[in-house]
Amino acid sequence: MEFNEGGGNSVMPVLQAENVQKSYRMGELTVSALAGVSLVVQKGEFVAVMGPSGSGKSTLLHLLGGLDGPSEGEITLAGQPLSKLSDNQITIVRRRKVGFIFQFYNLLPTLNAEENVGLPLLIDGQSLAPHRAKIAALLERVGLADRKHHRPDQLSGGQQQRVAIARAFVNDPEIVLADEPTGNLDSKTGTAILALLRRTCDELGATIVMVTHDPRAASYANRVIFLKDGQLARELSNSAPGHNTQAIMDVMAGLE
Amino acid sequence: MFGSLPLLTPLVLALRNMRVRWMRTALTCLGIVLGVAVILAIAITNESTLRSLRSVFDEASGRASLVVLPTAGDGEGLDETAAARAAGQPGVVTAAPTVIGTTLLARDVESWQFAVSLSGQAVGSSLQILGVDPELDPLVRQYALAGGRWLQGEAYEAVLSETYAGDKDLRVGDDLVIVAAGGQERLRIVGLVRREGAGLLNDGQVAFVPLPVAQDLFGRAGYLDEISIVAALEVANAPAALEALKDRLGERLGRGYDVTYPAERGRLVTQMLSTYQQGLSFFSVIALFVGAFLIYNAFTMTILERTRELGLLRALGMSSGQVLGLVLTEAVTLAVLGSALGLGFGMALARGLIAMLGVVLASDLSAFSVPPGGLLQSLLVGGLVTVGSALAPAAQAARTSPLEALRTAGAQAAGRPRRPAWLVGGALIFVAWAALYALPVRPEAGFAVGGLAILLLLLGATLMVPAVVGLAERLVRPAAVLAFGAEGVLGSGNVRRATGRTALTVAALLVGIAMVIATSSLSGAFTHDLTSWVETALGGDLYVRSPQPMREQFERQLAALPGVEGITKIRYFAVRAAASALASGADGDTSLIYAAIDPATYQSVGEFQFAANQGDPRANWARFARGDALFISTVVADRYQVQQGDTLRLVTRRGEHDFYVAAVAVDFTGQGYIVTGHWDDMRRWFAQSGVDRFTIGVAPGYTSQQVAETIEARYQAARNVSVETTEDFKQKITGLSAQSFRLFDVLGLIGLVVAALGVINTLMMNVLERQREIGSLRSLGLTRWQITKMVLAEAGTLGLIGGAFGLAFGYVLSQVFVDAVNAMVGYDLQYIFIPAPFLAGAGLALGVSQVAALYPAWKAAGVNIVEAIKHE
Ligand SMILES: Nc1ncnc2c1ncn2[C@@H]1O[C@H](COP(=O)(O)OP(=O)(O)OP(=O)(O)O)[C@@H](O)[C@H]1O
Ligand SMILES: [Mg+2]
């Protein structure tokens with residue numbers, strides 16, 4: 001296989017978006033949320049997506065995860081072009097290849113922490129028993145080993161988000177998509193969560209795409225892409241994750 | 001643009017809230033609509049049915065204020081001269097004589113069958129002929145001519161009801177060829193009357209002929225069957241004056257004449273209807289509960305899930321009073337809207353029910369009247385329950401600190417079951433049990449107490465549900481997992497989230513299932529007793545009958561036919577018990593049917609089904625055969641509080657006389673208002689003659705069919721007899737009873753529909769409320785089908801729990817129903833366990849819940865993931 005432009009990596013990218021557009025019909029009006037975005041994410045990458053409010057970040061993330069279909073363009077996830085798949089097939093791809101982290105955690109209130117983490121496996125029709133150790137390890141990793149049997153309403157916001165992170169990784173996903181995972185948390189907890197994501201990325205070789213408003217959060221990524229009015233405006237790569245907040249802030253200021 | 005935004009009064013906020021959440025508003029409204037409608041529909045049905053049937057009897061006497069009838073048991077009737085004597089009394093304006101006979105069209109004789117509808121009226125082809133005075137009768141009854149002319153003079157002519165003419169394809173100018181005492185007779189049809197006023201008599205199967213013609217036709221020369229008295233206005237409108245006239249007339253006419261108020265005649269039939277009425281009334285109690293419940297269910301749900309929003313409003317500075325006002329405004333708006341729609345729907349529902357009842361009772365129920373009480377009741381329940389169910393959660397929301405309300409995640413809003421609830425529930429069940437079984441209840445209070453007890457039972461059971469739903473869910477979860485796999489765990493677990501809501505849904509199912517079980521158990525108990533009575537009491541192989549009483553000597557001729565092994569005769573006529581015989585507290589109607597039998601031959605073809613503890617049947621028969629004795633039905637025993645060995649006083653032609661009660665027997669004839677006496681007693685005390693029915697036992701080696709054909713060939717033409725096999729007759733009776741219980745099936749069905757709506761409502765609310773959760777499950781990779789299965793599993797668990805409760809409660813309710821009917825009607829029904837209704841109930845619980853879940857499941861599967869997870 002020949003070399004390709006982006007990263008000089010001959011391995012097939014985990015995620016590939018080609019000229020993705022999304023427009024919403026509102027009566028007579030058509031609102032364009034994404035006006036043609038192309039993006040390649042390689043395995044092991046941690047990509048942050050930034051941009052002003054309404055620039056299409058969440059829309060992009062939803063399309064990347066197959067939660068919604070693009071109006072135009074193609075998304076290839078783990079080697080599968082989503083437009084060729086049925087709704088059910090996309091659901092299965094999501095179940096086995098993607099992990100989601102949301103701003104509002106979205107845990108199931110009826111299940112305890114352990115069961116919430118194992119939920120994607122349950123959904124896949126697997127028994128939790130053989131995965132006990134793995135779930136325990138994930139909970140350990142997010143620092144909740146002693147909260148296994150707590151239900152969401154017995155956990156703090158930060159703790160709930162950590163359960164959600166553990167859940168996102170339980171199916172060994174090809175890619176984890178996060179939409180403002182720290183948006184709802186105080187800065188100290190937020191930092192801890194980001195450090196956790198960064199560590200998980202490094203240690204498990206996970207691939208993460210994270211939408212955020214927060215330049216400090218974005219600084220944990222290897223690469224930051226900036227959206228404006230539904231289009232890719234800038235791209236920064238970050239050789240020293242956890243630093244370079246200032247550069248990101250400058251770009252953002254330029255966009256707004 | 002602020003100009004268009006008026007002050008944010010509670011009304012504006014409430015309306016806007018209702019508009020934005022239109023789906024929820026619609027569901028809540030539907031709950032109120034159904035609740036109001038069910039209550040109203042039952043009230044209307046009850047009232048209208050009663051009124052329809054009453055009107056038939058009111059029409060019979062028309063404007064008459066009093067009616068003169070022969071004293072019960074007097075075979076010949078009234079002396080013709082009595083009319084003139086009555087007319088001569090001061091205060092009497094008109095005294096119109098009538099002769100009544102029943103006959104058949106000559107061409108119908110062959111196909112004639114003994115048919116009796118449950119309201120006691122003859123249906124089918126038999127025609128009632130009223131001999132009236134063409135001059136006087138129009139002053140009493142209302143005749144609306146639809147064609148031709150009214151009767152003139154004493155010619156052999158008839159005015160026919162339009163109904164009958166239509167049925168039989170007869171026109172003015174045709175001849176009406178009927179079977180009379182002396183053979184076939186022809187009457188020229190000169191006019192038709194509409195189906196109103198007198199045209200309603202005998203359910204429209206009626207013809208009017210001049211009085212002398214009727215006397216001729218039925219061999220009643222010189223006699224009358226009744227005299228309708230129209231009193232002067234000032235007398236008719238003053239109860240005391242009318243009572244005085246009644247007494248005076250009775251005195252002047254002397255022995256053998258009964259002067260009564262016209263309404264009393266309708267009583268017997270109305271009494272026969274009472275089983276239905278009571279069934280419906282019971283159901284109206286349940287309707288009240290179910291209606292209130294639906295409303296409460298729907299409204300509590302809308303408020304509970306908004307705890308958070310209300311907390312937000314509090315946080316923004318709304319006082320708790322304002323929050324309360326907001327919720328109440330919404331409640332009142334919905335109550336008004338829902339009640340208005342409910343009234344309309346209730347009326348439509350009532351029309352359907354009445355039509356169904358018309359079929360069951362084989363009468364045309366044309367009246368449609370809305371009882372003000374029922375209207376008020378349904379509106380009150382609609383309004384009060386809506387506002388009441390809004391109050392509790394609203395007050396709670398107003399009380400909770402804003403912070404707390406905001407912290408509570410929407411999905412968790414229902415809270416835990418309050419501990420006292422099940423205590424209260426248990427207490428209610430105990431009170432209900434005590435009211436039903438432990439307290440002595442006077443018969444006239446029976447319905448009120450029974451109804452209240454059932455209401456308490458339902459309420460108690462509902463309150464018990466939250467306490468056990470957790471345990472119940474754990475028990476049925478394996479079944480959900482078995483049926484739905486991993487999604488079963490999620491779905492089944494969901495029922496534990498809002499125990500209050502689950503409790504209400506389970507209660508809806510419980511009520512529906514319990515209704516099905518209780519009504520079919522009641523009909524089962526009834527059918528069981530009826531069948532065993534039919535099997536033992538309706539002995540013999542053939543019935544020989546005629547529209548006119550047959551001569552006794554006919555017995556010997558029939559007995560001589562080949563294949564006839566045994567034969568016995570029976571005669572039915574109306575008698576009256578002495579007023580003094582009535583148990584205290586029972587109402588005044590003492591009409592009974594007297595069945596005269598010949599003990600010498602009766603046992604050659606039939607048996608009596610004696611009630612429990614009546615001693616040796618042979619001894620009973622021996623006592624009966626000595627005369628001056630009766631076998632009385634369980635109903636009569638109950639009503640007159642007499643037992644074996646007591647006496648029952650009847651009004652005879654020779655004054656009141658005490659008859660010895662030789663035994664109490666199970667007898668459903670005439671709804672149980674029957675006594676059986678000795679043939680010789682009939683002659684001696686009641687001066688009756690003629691045979692209504694011969695029962696024949698067929699000799700071995702002959703088939704019933706063969707013997708029937710022999711009899712028909714020999715006597716049908718000459719004596720107008722019809723022969724029917726006992727088997728056919730039994731089938732007809734059991735068929736009729738099955739038909740009458742179809743009404744209860746319909747009621748059970750309504751219960752089920754309500755249950756289904758309860759399930760739909762709950763699941764819909766759950767799905768709406770958990771959009772976000774469903775969205776995130778989808779994002780985690782749950783397919784649409786898996787979501788569907790999850791909702792179905794939740795419904796299945798609800799169904800299983802509701803079904804289990806429903807079975808248990810249905811078991812209890814069945815016995816209560818049977819006991820209540822026994823207490824009120826005087827039957828001696830035994831509760832018997834019939835597995836079929838329970839199996840059906842269990843199946844229905846699951847089926848109904850699954851069907852009801854289809855739409856919510858479909859909605860859930862269609863949730864737009866992005867929309868669902870986007871907003872908090
Ligand atoms: N369902 C929809 N219907 C119509 N327009 C929509 C819809 N969803 C999103 N949009 C529009 O698409 C654009 C992009 O929205 P999106 O949610 O992706 O923004 P965002 O970058 O995530 O903003 P924020 O940082 O505020 O979350 C916005 O202008 C929004 O109004
Ligand atoms: Mg966004």
# chains A, B, ... in the order shown; residues from 1 in each chain; ligands from 1

call {"tool": "interface_residues", "arguments": {"of": "chain A", "to": "chain B", "cutoff": "9 Å", "atoms": "only C-alpha atoms", "output": "count of residues only"}}
result
38

call {"tool": "select_by_dssp", "arguments": {"residues": "segment 17-50 of chain A", "states": "strand (DSSP E)", "output": "PyMOL selection string"}}
result
chain A and resi 17-26+29-41+46-50

call {"tool": "residues_near_ligand", "arguments": {"ligand": "ligand 1", "cutoff": "7 Å", "atoms": "only C-alpha atoms and all ligand atoms", "output": "JSON, numbers by chain"}}
result
{"A": [24, 25, 26, 31, 32, 33, 51, 52, 53, 54, 55, 56, 57, 58, 59, 60, 213], "B": [867]}

call {"tool": "select_by_dssp", "arguments": {"residues": "segment 23-89 of chain A", "states": "helix (DSSP H, G or I)", "output": "MDAnalysis selection string"}}
result
chainID A and resid 57:64 82:84 87:89

call {"tool": "residues_around", "arguments": {"residues": "Ala836 of chain B", "least_positions_apart": "4", "cutoff": "12 Å", "atoms": "only C-alpha atoms", "output": "list in words"}}
result
Val516, Ile517, Ala518, Ser520, Ser521, Gly524, Leu807, Ile832, Ala840, Gly841, Ala842, Gly843 and Leu844 of chain B

call {"tool": "residues_around", "arguments": {"residues": "Asp680 of chain B", "least_positions_apart": "4", "cutoff": "9 Å", "atoms": "only C-alpha atoms", "output": "list in words"}}
result
Ala596, Ile597, Asp598, Gly627, Asp628, Arg684 and Trp685 of chain B

call {"tool": "residues_around", "arguments": {"residues": "Glu235 of chain A", "least_positions_apart": "4", "cutoff": "7 Å", "atoms": "only C-alpha atoms", "output": "list in words"}}
result
Val224, Ile225 and Phe226 of chain A

call {"tool": "write_last_selection", "arguments": {"atoms": "N, CA, C and O atoms", "output": "mmCIF file, in the first residue's frame"}}
result
data_model
loop_
_atom_site.group_PDB
_atom_site.id
_atom_site.type_symbol
_atom_site.label_atom_id
_atom_site.label_comp_id
_atom_site.auth_asym_id
_atom_site.auth_seq_id
_atom_site.Cartn_x
_atom_site.Cartn_y
_atom_site.Cartn_z
ATOM 1 N N VAL A 224 -5.573 19.789 17.129
ATOM 2 C CA VAL A 224 -6.806 20.540 17.357
ATOM 3 C C VAL A 224 -7.294 21.040 16.013
ATOM 4 O O VAL A 224 -6.531 21.626 15.258
ATOM 5 N N ILE A 225 -8.558 20.743 15.701
ATOM 6 C CA ILE A 225 -9.094 21.317 14.467
ATOM 7 C C ILE A 225 -10.159 22.332 14.839
ATOM 8 O O ILE A 225 -10.855 22.187 15.846
ATOM 9 N N PHE A 226 -10.229 23.393 14.074
ATOM 10 C CA PHE A 226 -11.136 24.493 14.385
ATOM 11 C C PHE A 226 -12.213 24.575 13.330
ATOM 12 O O PHE A 226 -11.920 24.549 12.142
#

call {"tool": "closest_residue", "arguments": {"among": "A:Leu204, A:Leu61, A:Ile101, A:Ala137", "to": "ligand 2", "atoms": "only C-alpha atoms and all ligand atoms"}}
result
A:Leu61
